[in-house]
Amino acid sequence: MRPKKPIAKAPNVWRSIQAIVFASWLNVLLVFIPISWAMNFALPNQHTLIFVFAFLAIIPLAKLLAFATDELSLRVGQTLAGLLNATLIIALTKCQLTIVQSSLVGSILSDILLVLGMCFFAGGLRFSEQGFGRSAVQINSSLLTISVIAVLLPGAFHMALQGQPEYNEMLTDYNILKTSHGVSIILLFIYASYLFFQLFSHQALYDDDNEDMQPTKGYTGKNPFQLYKTRRNIEDGETSSSPSSAQDREATTTLSRPADANPDVEPGTHSTASVETEAPEQPLMSLAVCLLLLVVVTVLVAVTAEFLVDSIDGLTSSGLINKEFVGIILLPIASNAAEHVTAVTVSVKDKLTLSLSVTVGASIQIALFVIPFIVTLGWIMNKPLTLLFDPLESIVLFLSVITVNYIVQDGKSNWLEGMILTCLYMILVVTFWYYPGKPLVDVTEDCSTY
């Protein structure tokens, strides 16, 4: 979290519309929205085509949703600007419980393995070693571990009773469902406590100028990757090592230094005066246009996601692809593509703390809020969604969290650690491509067994 900045005057409606149109090159994929809708009504039996077009349409919508929430966060704060993924809600109403559970686990895996690994790797191509707050990361790792334990216990509950003479499958499933409801309430309480800890009681722990922040170090001598321009002279005698104009502007406010300065970049060492004289934040949209964009994009996401979910059964019935792979790999990548790009981009600018908040912070939100909230919502909607996840998914999630805990415990990262996390995710992609998956709890077609 950063010190609050003043907000400049918002642009007019025309400028706001221009900002939306040119927000990202991903907007070219918006053409797939009408295509996917037309395919759904004109060729309802072409499930594969409908899924592909709807999948491509979700990606730019997720980017626009992130763009709108980022703009809204300037006014109301980052924590209040988030929205739940409509795909999971729609899948729950249609009782696609396997898709719901797989997507939740897949979102966590993609955040802490694929995206975090790419952040470490991309930043490591420019910096020999990047530092971040060790205490905050250890707390986040502990929270992730607690959530994984909550996911593992129902499976242990189920397997401990199997094979016993008095084993009753229906009674066991009912007890697991009730246990999941109780555990979900406790997880929601933990998440509320975590928000209070982060936003109020220990806010300084998450600041960039925290004394626990580890320094970032550049390469000694020549960078072996040579992906970025060498320092170039600027008329005022300062230098910048950033590869783009946007990064140049960032460097002039935070990382600029004399030509003979130490190449090591130590985040959080800039003076308070530099923060106080920092230029105000410039909104790209007016508040009215921002809210309108949120409403429009949310409606488009809801409709497109419904077509996407409806096509999953037809897509997987061919046997070419299974629901586990769709839920745990494809849907998380499409839904979180915008955040993934943002996290990797800022890591190259030596803003690894922000990358960690996007990746690990998002994983904590899914594990401690979204999962128990979806289970509680299923309880309200009379849908038998439990914390009893697929055994392989639960084991993979546990091992992944343990691996990430080991890598981030020193408060430093490099490109090799990023490659390790990314390759681990690739291993999981290959594994789940061939894994058929099997739910432990049988559910009838009306999805209201319990």
# chains A, B, ... in the order shown; residues from 1 in each chain; ligands from 1
>>> residues_around(residues="A:Ser311", least_positions_apart="3", cutoff="6 Å", atoms="only C-alpha atoms", output="NGL selection string")
:A and (47 or 51 or 308 or 314)
>>> select_by_dssp(residues="stretch 389-424 of chain A", states="alpha helix (DSSP H)", output="PyMOL selection string")
chain A and resi 391-408+415-424
>>> write_last_selection(atoms="N, CA, C and O atoms", output="mmCIF file, in the first residue's frame")
data_model
loop_
_atom_site.group_PDB
_atom_site.id
_atom_site.type_symbol
_atom_site.label_atom_id
_atom_site.label_comp_id
_atom_site.auth_asym_id
_atom_site.auth_seq_id
_atom_site.Cartn_x
_atom_site.Cartn_y
_atom_site.Cartn_z
ATOM 1 N N PRO A 391 -9.035 -35.313 -5.026
ATOM 2 C CA PRO A 391 -7.812 -35.645 -4.265
ATOM 3 C C PRO A 391 -6.536 -35.108 -4.914
ATOM 4 O O PRO A 391 -5.668 -34.562 -4.223
ATOM 5 N N LEU A 392 -6.413 -35.265 -6.231
ATOM 6 C CA LEU A 392 -5.202 -34.780 -6.901
ATOM 7 C C LEU A 392 -5.115 -33.260 -6.819
ATOM 8 O O LEU A 392 -4.032 -32.704 -6.587
ATOM 9 N N GLU A 393 -6.229 -32.566 -6.986
ATOM 10 C CA GLU A 393 -6.231 -31.107 -6.877
ATOM 11 C C GLU A 393 -5.784 -30.660 -5.491
ATOM 12 O O GLU A 393 -4.998 -29.718 -5.351
ATOM 13 N N SER A 394 -6.283 -31.337 -4.463
ATOM 14 C CA SER A 394 -5.922 -30.967 -3.092
ATOM 15 C C SER A 394 -4.440 -31.173 -2.827
ATOM 16 O O SER A 394 -3.770 -30.315 -2.233
ATOM 17 N N ILE A 395 -3.904 -32.310 -3.286
ATOM 18 C CA ILE A 395 -2.480 -32.604 -3.075
ATOM 19 C C ILE A 395 -1.610 -31.614 -3.844
ATOM 20 O O ILE A 395 -0.611 -31.092 -3.324
ATOM 21 N N VAL A 396 -1.996 -31.337 -5.099
ATOM 22 C CA VAL A 396 -1.233 -30.386 -5.921
ATOM 23 C C VAL A 396 -1.244 -29.005 -5.282
ATOM 24 O O VAL A 396 -0.211 -28.306 -5.235
ATOM 25 N N LEU A 397 -2.387 -28.585 -4.767
ATOM 26 C CA LEU A 397 -2.483 -27.273 -4.129
ATOM 27 C C LEU A 397 -1.583 -27.206 -2.900
ATOM 28 O O LEU A 397 -0.870 -26.211 -2.680
ATOM 29 N N PHE A 398 -1.591 -28.258 -2.094
ATOM 30 C CA PHE A 398 -0.763 -28.299 -0.893
ATOM 31 C C PHE A 398 0.723 -28.223 -1.246
ATOM 32 O O PHE A 398 1.475 -27.417 -0.678
ATOM 33 N N LEU A 399 1.155 -29.045 -2.197
ATOM 34 C CA LEU A 399 2.564 -29.060 -2.574
ATOM 35 C C LEU A 399 2.989 -27.734 -3.208
ATOM 36 O O LEU A 399 4.116 -27.266 -3.009
ATOM 37 N N SER A 400 2.092 -27.116 -3.962
ATOM 38 C CA SER A 400 2.419 -25.841 -4.600
ATOM 39 C C SER A 400 2.606 -24.741 -3.565
ATOM 40 O O SER A 400 3.542 -23.934 -3.658
ATOM 41 N N VAL A 401 1.729 -24.689 -2.580
ATOM 42 C CA VAL A 401 1.842 -23.683 -1.523
ATOM 43 C C VAL A 401 3.127 -23.890 -0.734
ATOM 44 O O VAL A 401 3.835 -22.917 -0.405
ATOM 45 N N ILE A 402 3.469 -25.138 -0.424
ATOM 46 C CA ILE A 402 4.709 -25.426 0.297
ATOM 47 C C ILE A 402 5.923 -24.976 -0.525
ATOM 48 O O ILE A 402 6.872 -24.373 0.007
ATOM 49 N N THR A 403 5.895 -25.251 -1.840
ATOM 50 C CA THR A 403 7.005 -24.845 -2.707
ATOM 51 C C THR A 403 7.176 -23.335 -2.720
ATOM 52 O O THR A 403 8.295 -22.808 -2.606
ATOM 53 N N VAL A 404 6.067 -22.609 -2.863
ATOM 54 C CA VAL A 404 6.130 -21.147 -2.875
ATOM 55 C C VAL A 404 6.629 -20.619 -1.535
ATOM 56 O O VAL A 404 7.406 -19.661 -1.478
ATOM 57 N N ASN A 405 6.191 -21.233 -0.435
ATOM 58 C CA ASN A 405 6.653 -20.812 0.890
ATOM 59 C C ASN A 405 8.176 -20.902 1.013
ATOM 60 O O ASN A 405 8.827 -20.000 1.570
ATOM 61 N N TYR A 406 8.747 -21.979 0.486
ATOM 62 C CA TYR A 406 10.199 -22.138 0.538
ATOM 63 C C TYR A 406 10.906 -21.070 -0.304
ATOM 64 O O TYR A 406 11.954 -20.526 0.082
ATOM 65 N N ILE A 407 10.332 -20.738 -1.453
ATOM 66 C CA ILE A 407 10.999 -19.819 -2.377
ATOM 67 C C ILE A 407 10.973 -18.387 -1.871
ATOM 68 O O ILE A 407 11.949 -17.638 -2.029
ATOM 69 N N VAL A 408 9.882 -17.963 -1.237
ATOM 70 C CA VAL A 408 9.751 -16.551 -0.845
ATOM 71 C C VAL A 408 10.199 -16.282 0.584
ATOM 72 O O VAL A 408 10.185 -15.133 1.022
ATOM 73 N N TRP A 415 15.719 -14.967 -11.418
ATOM 74 C CA TRP A 415 15.072 -15.556 -12.597
ATOM 75 C C TRP A 415 14.955 -17.072 -12.500
ATOM 76 O O TRP A 415 14.007 -17.658 -13.031
ATOM 77 N N LEU A 416 15.913 -17.732 -11.825
ATOM 78 C CA LEU A 416 15.864 -19.184 -11.727
ATOM 79 C C LEU A 416 14.669 -19.630 -10.895
ATOM 80 O O LEU A 416 13.979 -20.603 -11.247
ATOM 81 N N GLU A 417 14.395 -18.936 -9.790
ATOM 82 C CA GLU A 417 13.228 -19.273 -8.988
ATOM 83 C C GLU A 417 11.942 -19.079 -9.794
ATOM 84 O O GLU A 417 11.001 -19.870 -9.670
ATOM 85 N N GLY A 418 11.911 -18.043 -10.609
ATOM 86 C CA GLY A 418 10.747 -17.842 -11.468
ATOM 87 C C GLY A 418 10.584 -18.965 -12.472
ATOM 88 O O GLY A 418 9.466 -19.425 -12.732
ATOM 89 N N MET A 419 11.685 -19.415 -13.057
ATOM 90 C CA MET A 419 11.616 -20.514 -14.019
ATOM 91 C C MET A 419 11.146 -21.798 -13.354
ATOM 92 O O MET A 419 10.381 -22.577 -13.941
ATOM 93 N N ILE A 420 11.570 -22.025 -12.101
ATOM 94 C CA ILE A 420 11.157 -23.227 -11.371
ATOM 95 C C ILE A 420 9.644 -23.233 -11.177
ATOM 96 O O ILE A 420 8.970 -24.240 -11.425
ATOM 97 N N LEU A 421 9.085 -22.102 -10.729
ATOM 98 C CA LEU A 421 7.642 -22.025 -10.514
ATOM 99 C C LEU A 421 6.873 -22.186 -11.820
ATOM 100 O O LEU A 421 5.852 -22.886 -11.874
ATOM 101 N N THR A 422 7.348 -21.552 -12.888
ATOM 102 C CA THR A 422 6.668 -21.654 -14.178
ATOM 103 C C THR A 422 6.715 -23.077 -14.713
ATOM 104 O O THR A 422 5.713 -23.591 -15.234
ATOM 105 N N CYS A 423 7.867 -23.734 -14.594
ATOM 106 C CA CYS A 423 7.986 -25.115 -15.068
ATOM 107 C C CYS A 423 7.118 -26.057 -14.246
ATOM 108 O O CYS A 423 6.552 -27.020 -14.788
ATOM 109 N N LEU A 424 6.976 -25.787 -12.949
ATOM 110 C CA LEU A 424 6.089 -26.595 -12.129
ATOM 111 C C LEU A 424 4.654 -26.466 -12.616
ATOM 112 O O LEU A 424 3.916 -27.464 -12.663
#
>>> residues_around(residues="A:Ser110", least_positions_apart="2", cutoff="12 Å", atoms="only C-alpha atoms", output="NGL selection string")
:A and (102-108 or 112-118 or 327-337 or 339-340 or 358-360 or 362-363 or 366 or 397 or 400-401 or 421-426 or 428-429)
>>> closest_residue(among="A:Ser141, A:Gln198, A:Ser147, A:Thr431", to="A:Glu324", atoms="only C-alpha atoms")
A:Thr431
>>> residues_around(residues="A:Leu352", least_positions_apart="3", cutoff="8 Å", atoms="only C-alpha atoms", output="list in words")
Cys119, Gln130, Gly131, Phe132, Val346, Ser347, Ser355 and Leu356 of chain A
>>> residues_around(residues="A:Leu188", least_positions_apart="4", cutoff="7 Å", atoms="only C-alpha atoms", output="mmCIF file with N, CA and C atoms, in the first residue's frame")
data_model
loop_
_atom_site.group_PDB
_atom_site.id
_atom_site.type_symbol
_atom_site.label_atom_id
_atom_site.label_comp_id
_atom_site.auth_asym_id
_atom_site.auth_seq_id
_atom_site.Cartn_x
_atom_site.Cartn_y
_atom_site.Cartn_z
ATOM 1 N N SER A 184 -16.302 -22.928 6.405
ATOM 2 C CA SER A 184 -16.390 -21.750 5.537
ATOM 3 C C SER A 184 -16.647 -20.488 6.351
ATOM 4 N N ALA A 192 -11.732 -11.645 7.215
ATOM 5 C CA ALA A 192 -12.090 -10.342 7.770
ATOM 6 C C ALA A 192 -11.001 -9.850 8.732
ATOM 7 N N LEU A 368 -9.424 -17.655 1.116
ATOM 8 C CA LEU A 368 -10.076 -17.324 2.387
ATOM 9 C C LEU A 368 -11.413 -16.614 2.224
ATOM 10 N N PHE A 369 -11.698 -16.128 1.016
ATOM 11 C CA PHE A 369 -12.973 -15.434 0.825
ATOM 12 C C PHE A 369 -13.837 -16.079 -0.260
ATOM 13 N N PRO A 372 -14.850 -20.046 0.557
ATOM 14 C CA PRO A 372 -15.905 -20.175 1.569
ATOM 15 C C PRO A 372 -17.178 -19.410 1.204
#
>>> closest_residue(among="A:Ile185, A:Leu153, A:Ala122, A:Leu177", to="A:Lys351", atoms="only C-alpha atoms")
A:Ala122
>>> atom_distance(atom1="atom CA of A:Val326", atom2="atom CA of A:Val28")
23.9 Å
>>> closest_residue(among="A:Asn45, A:Gln101, A:Ser286, A:Asn322", to="A:Phe389", atoms="only C-alpha atoms")
A:Gln101
>>> atom_distance(atom1="atom CA of A:Val296", atom2="atom CA of A:Gln282")
23.3 Å
>>> atom_distance(atom1="atom CA of A:Asp173", atom2="atom CA of A:Ile190")
25.4 Å
>>> closest_atom_pairs(of="stretch 337-382 of chain A", to="stretch 89-98 of chain A", cutoff="9 Å", atoms="only C-alpha atoms", output="JSON lines")
{"residue": "A:Ile374", "atom": "CA", "partner": "A:Ile89", "partner_atom": "CA", "distance": 7.7}
{"residue": "A:Leu377", "atom": "CA", "partner": "A:Leu92", "partner_atom": "CA", "distance": 8.9}
{"residue": "A:Gly378", "atom": "CA", "partner": "A:Leu92", "partner_atom": "CA", "distance": 7.2}
{"residue": "A:Met381", "atom": "CA", "partner": "A:Thr93", "partner_atom": "CA", "distance": 7.9}
>>> closest_residue(among="A:Ile427, A:Leu171, A:Val289, A:Leu187", to="A:Ile364", atoms="only C-alpha atoms")
A:Leu187
>>> decode(residues="stretch 167-178 of chain A", atoms="N, CA, C and O atoms", output="mmCIF file, in the first residue's frame")
data_model
loop_
_atom_site.group_PDB
_atom_site.id
_atom_site.type_symbol
_atom_site.label_atom_id
_atom_site.label_comp_id
_atom_site.auth_asym_id
_atom_site.auth_seq_id
_atom_site.Cartn_x
_atom_site.Cartn_y
_atom_site.Cartn_z
ATOM 1 N N TYR A 167 -19.522 -47.862 7.697
ATOM 2 C CA TYR A 167 -19.461 -46.723 6.778
ATOM 3 C C TYR A 167 -20.774 -46.557 6.022
ATOM 4 O O TYR A 167 -21.294 -47.502 5.425
ATOM 5 N N ASN A 168 -21.309 -45.367 6.060
ATOM 6 C CA ASN A 168 -22.533 -45.015 5.329
ATOM 7 C C ASN A 168 -22.205 -43.819 4.439
ATOM 8 O O ASN A 168 -21.946 -42.721 4.929
ATOM 9 N N GLU A 169 -22.204 -44.029 3.128
ATOM 10 C CA GLU A 169 -21.743 -42.993 2.211
ATOM 11 C C GLU A 169 -22.629 -41.751 2.267
ATOM 12 O O GLU A 169 -22.122 -40.624 2.315
ATOM 13 N N MET A 170 -23.935 -41.927 2.284
ATOM 14 C CA MET A 170 -24.835 -40.773 2.304
ATOM 15 C C MET A 170 -24.670 -39.971 3.590
ATOM 16 O O MET A 170 -24.649 -38.738 3.568
ATOM 17 N N LEU A 171 -24.546 -40.669 4.716
ATOM 18 C CA LEU A 171 -24.375 -39.988 5.991
ATOM 19 C C LEU A 171 -23.031 -39.259 6.036
ATOM 20 O O LEU A 171 -22.942 -38.117 6.524
ATOM 21 N N THR A 172 -21.983 -39.910 5.506
ATOM 22 C CA THR A 172 -20.663 -39.274 5.473
ATOM 23 C C THR A 172 -20.676 -38.031 4.600
ATOM 24 O O THR A 172 -20.125 -36.979 4.981
ATOM 25 N N ASP A 173 -21.294 -38.117 3.425
ATOM 26 C CA ASP A 173 -21.380 -36.951 2.543
ATOM 27 C C ASP A 173 -22.155 -35.815 3.203
ATOM 28 O O ASP A 173 -21.803 -34.633 3.049
ATOM 29 N N TYR A 174 -23.196 -36.162 3.928
ATOM 30 C CA TYR A 174 -23.984 -35.148 4.630
ATOM 31 C C TYR A 174 -23.143 -34.466 5.716
ATOM 32 O O TYR A 174 -23.168 -33.233 5.858
ATOM 33 N N ASN A 175 -22.370 -35.263 6.456
ATOM 34 C CA ASN A 175 -21.518 -34.688 7.507
ATOM 35 C C ASN A 175 -20.413 -33.820 6.926
ATOM 36 O O ASN A 175 -20.052 -32.782 7.498
ATOM 37 N N ILE A 176 -19.868 -34.228 5.774
ATOM 38 C CA ILE A 176 -18.841 -33.418 5.122
ATOM 39 C C ILE A 176 -19.433 -32.098 4.659
ATOM 40 O O ILE A 176 -18.796 -31.041 4.769
ATOM 41 N N LEU A 177 -20.662 -32.132 4.155
ATOM 42 C CA LEU A 177 -21.322 -30.899 3.721
ATOM 43 C C LEU A 177 -21.512 -29.944 4.898
ATOM 44 O O LEU A 177 -21.220 -28.740 4.801
ATOM 45 N N LYS A 178 -21.981 -30.471 6.027
ATOM 46 C CA LYS A 178 -22.175 -29.621 7.202
ATOM 47 C C LYS A 178 -20.840 -29.114 7.753
ATOM 48 O O LYS A 178 -20.740 -27.966 8.204
#
